[in-house]
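For reference, the structure is listed below as structure tokens.
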Amino acid sequence: MYMSTVPKLVSGFTVIPVAYAHSTHILYARAHLSKSQDVVYPEKRTLFLVNIPVDATDREISLFFKSCGTVERVVYNRDSRDEAEAEAAAEQEEEAEADIETSPPRPPSPSSQDPHPQSKRKQRPTESASPSVVPLPPIPLRTLRKTGSIAHVIFLDASSLEKALVPPTKPRPWPSSSEEPRGLAHYAALYDAQRPPLDVVKAHADTWMERFEFDLAKTKQKLAYRKGEAIVDDDGFTLVTRGGAYGQTLGGGVGVASKAFEKTSRTGSKKKKEPKEKETFYAFQKAEKQRKALLDLRKNFEADKARIDKMKESRRFKPY
Amino acid sequence: MASDLKRKREDQLSDDDDVELDAETAKKHKLPTGEELRTLKDAAGLYQSSSFKLQIDALLPNVRPKESRTAPLDQFLFTLRSHLLSLPHIKPQHPLVAARTLSESGVAVPFALPHPTQDTKWTVAFEPPSNIHVVGSWANKISVKKKDGKYFGLDLSIEMPASLFQEKDYLDARYFHKRAYYLAVVAQSISTSFEVDVFYGATLNDPRQTFIVLRPRKGASHDFSKTHAEIHIIPALSSSHPIPLHRLSPSHSNVRVQPPTDALLPMTNSSTPIYNTAILISTFPKLSLLSTNTLIQSSPTFRDAHTLLRVWANQRGYGEGALCIHGFEGKGSWWASVLGLLLDGEEPVSVVGKWNASKKRSVGKGLSSYQLFRASLDLLAKQDFENAPAFVKSANGHRYSPEEYPSNHSAVFVDATSTINHLVDVPFTSLDMLQYDAQKTLEQLNDSTGTDDVFADVFLRDQTHLSKRCDAVIRVDLSRVSKYRSTFEFVEYGTSDNALLAAISRFLRRGLGDRVRALAIFHPSSNVRSISEMSRPARMSVIHIGLIYSPEDAFRLVDHGPAAGEQDTEAAKEFRQLWGPKSELRRFKDGRITESVVWEVKTSDERAHIPAFIVRHLLHLHFGVPIADIKTIATPFDVKLRLPDHLASLLQHVGATGGFKAALTAFDGLVKNFKALDEKLPLALLNVSPVAEYLRYTSTFTPVPISLSSSLALPTPLRYLPHIPIILEFEKSSKWPDDLRAIQKIKLAFFETIASALMTASPGLRAAVHIEYSCDSDIQDHASLEILTPEGWAFSARIWHDREAVLLERLASPAQTPVTPSPQPSKDQRMARRALDIYTRRFIHAPRHHRAIATVAHRYIAYPGTVRLVKRWLASHWLLGVHVSEEVVEIICARSFVGNGVALPDTATNAPRSKERGFALVIEFLKEWKPENPIFVPLYEDNGPSIEPSVVAVSSKEGVWTISTSEDPRGKMWTSSGPDIVAAQRLCALAKEAHKVLQENDVDPLSVKRLFAHAIDDYDIVIDLDPTVLPRYHQNIDADELVWSKSGVGRPTDGDAVSRPGFDPARILFDDLQSTYSDTLKFFFDIYGGHRIGAIWLLNVSRTRPFRALGGFSSVPATEGGKSKEKDKRDAVLLNRQSVLDEIKRLGTGLIKKITVREK
């Protein structure tokens, strides 16, 4: 891979070569175009980056673009790839980025790289009284992404974005931060990090459950209806829901479609209907039956014969 | 109502009339004619099934000579006949003089033992034959093709005129000398006057049974090669010969040499039954021809049944071929006689009341060919050859008294003409094998499912392949035998080889006794030789001894002999003679003092070798075969399943006792510890279920504990300690939250409680909660409790909560309304589905599977060994674990034991009793199995038929195998994630290669090595790992001891003195690579300490593609390729291979030594 042969632009993306030990890795960059309302990356200062290195970390990306400006945060599109890909295949390239955004990535958050599920919960706006959760110790380790994945890099100011989009003259080396180990050291650290001290586990589980109970109690309070009372909406319709095992439906005992009906949209009892006519009552029925049996016999025989003939063709009957 | 119906019926009838008008459909709707109906019914009723009959019909013409091509042969026979009849007389002369005259023209006289000497008084002469007949199977048109491309044999008997013989010729092989001379004269004259190749042939190389073989020469005037037949010229005695038949009775001795004093010889006197039979055979050809012809006349299906029986026998080595069972060479007429016994019944012999009571009656002549074939198998399977002599019903009584046979012959089967005992020189061992094979086939035929497969197994497949036929195959090189048999035996058996083999089979049968169900000696059948050779000079060099174990007794440690009180009896002497110095007088625990032989073994592996030890001991003791010349395949196989000796001794040094039993004990101990914690836990522990291969005897390596302290003392490549997964089940309680995330947190709390309680309860035990951060879903079960016991066993426990399934299902199945079709599954749904998948596999199926496999392992002694071998084999070819799950290997292996489709009983003859045979069977299955056909394994049925569910083979991109059990009717539980089509095809190719290696019957350690050696030429990329940092390296298929020994490369990574049970960085790296580059590369890896990872580029990534933001691969703008596609305005990109390799190298920092790319 020589720089001279690589074009500066590919389908509107700036080609940013990255020097590897024995080769050149290619990053594709473009200014982020937002079409959907759901997720807002700040316009003018968000860089859309394609084909980031599989083991890239925030720090490494920041370091790489240090010459252009300061990186505020990096958002990886990891989870939504499958869906986006299916759709993107049919779309034109220009819309590719927009496609991704139709399925929202994780809400941007300072710790979006943090793989801990509970952190999400923590960020939900909470009441002042809600107990806080002791998190499990975070893992300061690399997360691997599938090869060829994308990221949004948000700079502090718009000028950095422009700088970043200028095709570089020569490949820059990929920075390597010593904070996050690689390879064997990484795996050893991971092994240790996955086994946190027992007291931390205990504190985490206990506080989490406390919080869970608290939230549960709150939702219960908020619930508009009480058991046994009918819910009548503004238009005067009564909400009908399926009841418990003893027919205590909310809002009185109204019949509601069964689960089976919901799935198959078919009613009907399971009992099979008895055939109307007896099958061997009249002589002609018996005769028909016999006749059919004989015909079947021949049919099966012919079928077998055809099969054997086919086997014969493949010379299967030469034992040795 | 009734009239309505009647009218309806009339309508229908008239409809039918209309239909008949239509010529196309007429045939379809017309009832079969009576004739047709009978064939149809017969096919279904008289044969296994109609398809079975059709297959038989298709088979028969292929194994018979083509009638249309016999004309040139007939022509040649006429010429030959007139030539032979016009041969000139030769005056009587001294045999040696006569032989010298002939040898001048390059023809040797095949004299039998004992050779004539200068002092012989009698003379040899020649007169043209008094009669010439075509006899045997050719004359009766019942010839059956032989194995390995051998010719059909046309037997031509030439009657030697009675005037050539004298009354005393039965003595001292005089008859055979005269016969030999006669034969030599004929051979000489034919070789000079016809354009055919003339050879000598002899059954079992016995010079007494020499005959002339005439083979066509291509392009010569008498070219009958199209018939694919050869002519055997067999001298016969004319009916007026002067030799008194009463002198040839079974009990007469006609050889004047010193008889031996061998206690094991069945003949207590010096009678020479085999010698006598050899003379009697000369009177047999014409008689046999007639009696067989009568049979053919009397039963219309005789020919077909005979052909089926011969094909069946040939496929199993009971006939000429590359691997013939000793004694069955040249026994063609016996098979017709077996059918004769069935059709005519047994002769009522009115002596010795005991054994003639169960006389067999005729089965009747109206049986179909298949029924007759089955009846003959039934006869062979049930006939007690050792104790019940068989006499075919004869027209006018038997010649010799029936008592004479059993006391002088081994097995007895006298033909209808009462001329010969067919089985006189067939050892009991071979008959045992025959009986076993017949039983096996009957079992198969009784299993009515899958008729195509059964038909192929019975008739079409070559069953001589030793490694899948016998539990143990022992290769013996006889060229250095140092103890020979006596002269008497030489003379009786005809050749020293035959005497030796007969003795070997006697000794082995006696020595192995009830340890084996059958044993047989296999060797290539005799070949023709040039007529200038007097006899075959070279002795038979290599024989194979095949053993079929009986499951209970095969591995007994002690052989008991007679008690001490009977020291001087014959039995005691015989016992001592048999075992030699190994026999000792021992006192046993129950107070008995008996003569006994004790086999000492160190490991359970060795115990499986006891039968082979016995064979080795006996052959060495009695025949002087050097130990090195007796080889089995078992030992090199064992080595593959053992840890390096060095490591074993190292571990023994620190006092760790490994093994499956020890692991189970450790598990039981842990369960006890758990139960003791009862008060400290909020819920009672109901169940602890094992789900580990280490706890069901099926892990490739026996588990070994490594305690904390000794782990630190070991160098890194020896440190690997696997986790043994177990599952905890608590009592049901309403205290569990009804939320998936909360359940996972509660599990954490449980683990913490158990861990703290366990650590306080038993000091030295370490416990930690393991949380998998790698899974990004918080509703999935992702935590486990890791326990390291003081002895050094590592367990990993998970908690099973059944409410999870309900919650996950609710989440996974979308709320559907009848009107709207189901929308695309949302992200939550997919996540729930994945979690549910893992839940079902981990908590529902894994414990069930474990129980089922544990049961199979207990029922079949060879099963665990088979699984371990197959796992090792698959791993050594970089497939196990990474493409083929270990559970599915266990299921596939079970198939060879429990049967396919129908669960076989424990006593089924088919189940292999040794791991080597099990391995061969699994390999054969993998070779032939096409993944399109789903298979069903009756793993969960205890004895008894089961209904095979109809399974549809579902193949997905990830997994193409469908293997169902009754617990998993879809058949995807263990195969959903592999092997994919690439891996499956690779596996099939590897199995074919392995099958070839196994089929080469030379069992030497090298071939085993070849079996497990993996060729890496096929990989585009090979990633070399640094073995010194791999904790599992000691399991490597050819681990290099230097890597961990102190003198070697050293221990560079011992800086961190932390013990990490279960830490396998190579595996994590592999998994990371696999998931990161799943759309770019396919990886292969040996999970047992492999130090290389192989990869191939996926097909679809090599070409140029238009650039897309979500291309899913690391790309580089294409410099040229893209221009051709003008219509696509997108720029083309290529896979950036080198940068991918650089990334891989970066990912494996500290692990990867180098990456080799294959040059194209």
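Residue numbers start at 1 in each chain; chains themselves are named A, B, ... in the order of the structure tokens; ligands are numbered from 1 in the order shown.
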Run DSSP on the backbone of this structure and report the residues of region 89-222 of chain B it assigns to strand (DSSP E), as an NGL selection string. :B and (90-93 or 124-126 or 131-135 or 152-160 or 196-202 or 210-216)
When you get a sec, could you note down which chain A residues fall within 6 Å of chain B, using only C-alpha atoms, as number ranges by chain? A: 10-11, 23, 25-26, 51, 117, 146-148, 182-184, 194-195, 202, 205, 262, 265, 304, 317, 319
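Restricting the calculation to only C-alpha atoms, the smallest distance between Arg30 (chain A) and any of A:Pro131, A:Glu60, A:Val75, A:Val166 is found for A:Val166.
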Pick out each residue of region 170-327 of chain B that DSSP on the backbone tags as alpha helix (DSSP H); I need them as a count of residues only. 57
Quick one: residues within 10 Å of Pro17 (chain A), only C-alpha atoms counted, chain neighbours fewer than 3 positions away excluded, as a PyMOL selection string? (chain A and resi 1-3+6+8+14+20+23-28+167-174) or (chain B and resi 1116)
Could you write those residues out with C-alpha atoms, as an mmCIF file, in the first residue's frame?
```cif
data_model
loop_
_atom_site.group_PDB
_atom_site.id
_atom_site.type_symbol
_atom_site.label_atom_id
_atom_site.label_comp_id
_atom_site.auth_asym_id
_atom_site.auth_seq_id
_atom_site.Cartn_x
_atom_site.Cartn_y
_atom_site.Cartn_z
ATOM 1 C CA MET A 1 0.000 0.000 0.000
ATOM 2 C CA TYR A 2 1.690 3.183 -1.108
ATOM 3 C CA MET A 3 0.242 6.551 -0.448
ATOM 4 C CA VAL A 6 -4.500 5.827 -2.660
ATOM 5 C CA LYS A 8 -7.786 11.304 -1.373
ATOM 6 C CA THR A 14 -11.749 11.676 3.297
ATOM 7 C CA TYR A 20 0.813 0.201 11.033
ATOM 8 C CA SER A 23 1.040 -1.778 6.408
ATOM 9 C CA THR A 24 -1.293 1.135 6.137
ATOM 10 C CA HIS A 25 -4.694 1.044 7.708
ATOM 11 C CA ILE A 26 -7.319 3.274 6.126
ATOM 12 C CA LEU A 27 -9.753 5.443 8.075
ATOM 13 C CA TYR A 28 -12.624 7.089 6.228
ATOM 14 C CA PRO A 167 -6.497 14.778 3.533
ATOM 15 C CA PRO A 168 -3.197 14.182 5.270
ATOM 16 C CA THR A 169 -0.066 14.029 3.216
ATOM 17 C CA LYS A 170 1.455 11.023 4.841
ATOM 18 C CA PRO A 171 0.234 8.280 7.124
ATOM 19 C CA ARG A 172 0.367 9.021 10.794
ATOM 20 C CA PRO A 173 1.191 6.168 13.133
ATOM 21 C CA TRP A 174 -1.571 4.808 15.337
ATOM 22 C CA VAL B 1116 -8.430 0.052 1.339
#
```
Just the residues within 8 Å of region 513-528 of chain B, please, counting only C-alpha atoms, with nothing from its chain fewer than 3 positions along; format it as a PyMOL selection string. chain B and resi 199-205+213+320-326+329+429-430+432-433+436+501+505+508-510+542-556+611
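In this structure, CA of Ala994 (chain B) sits 10.3 Å away from CA of Ala1013 (chain B).
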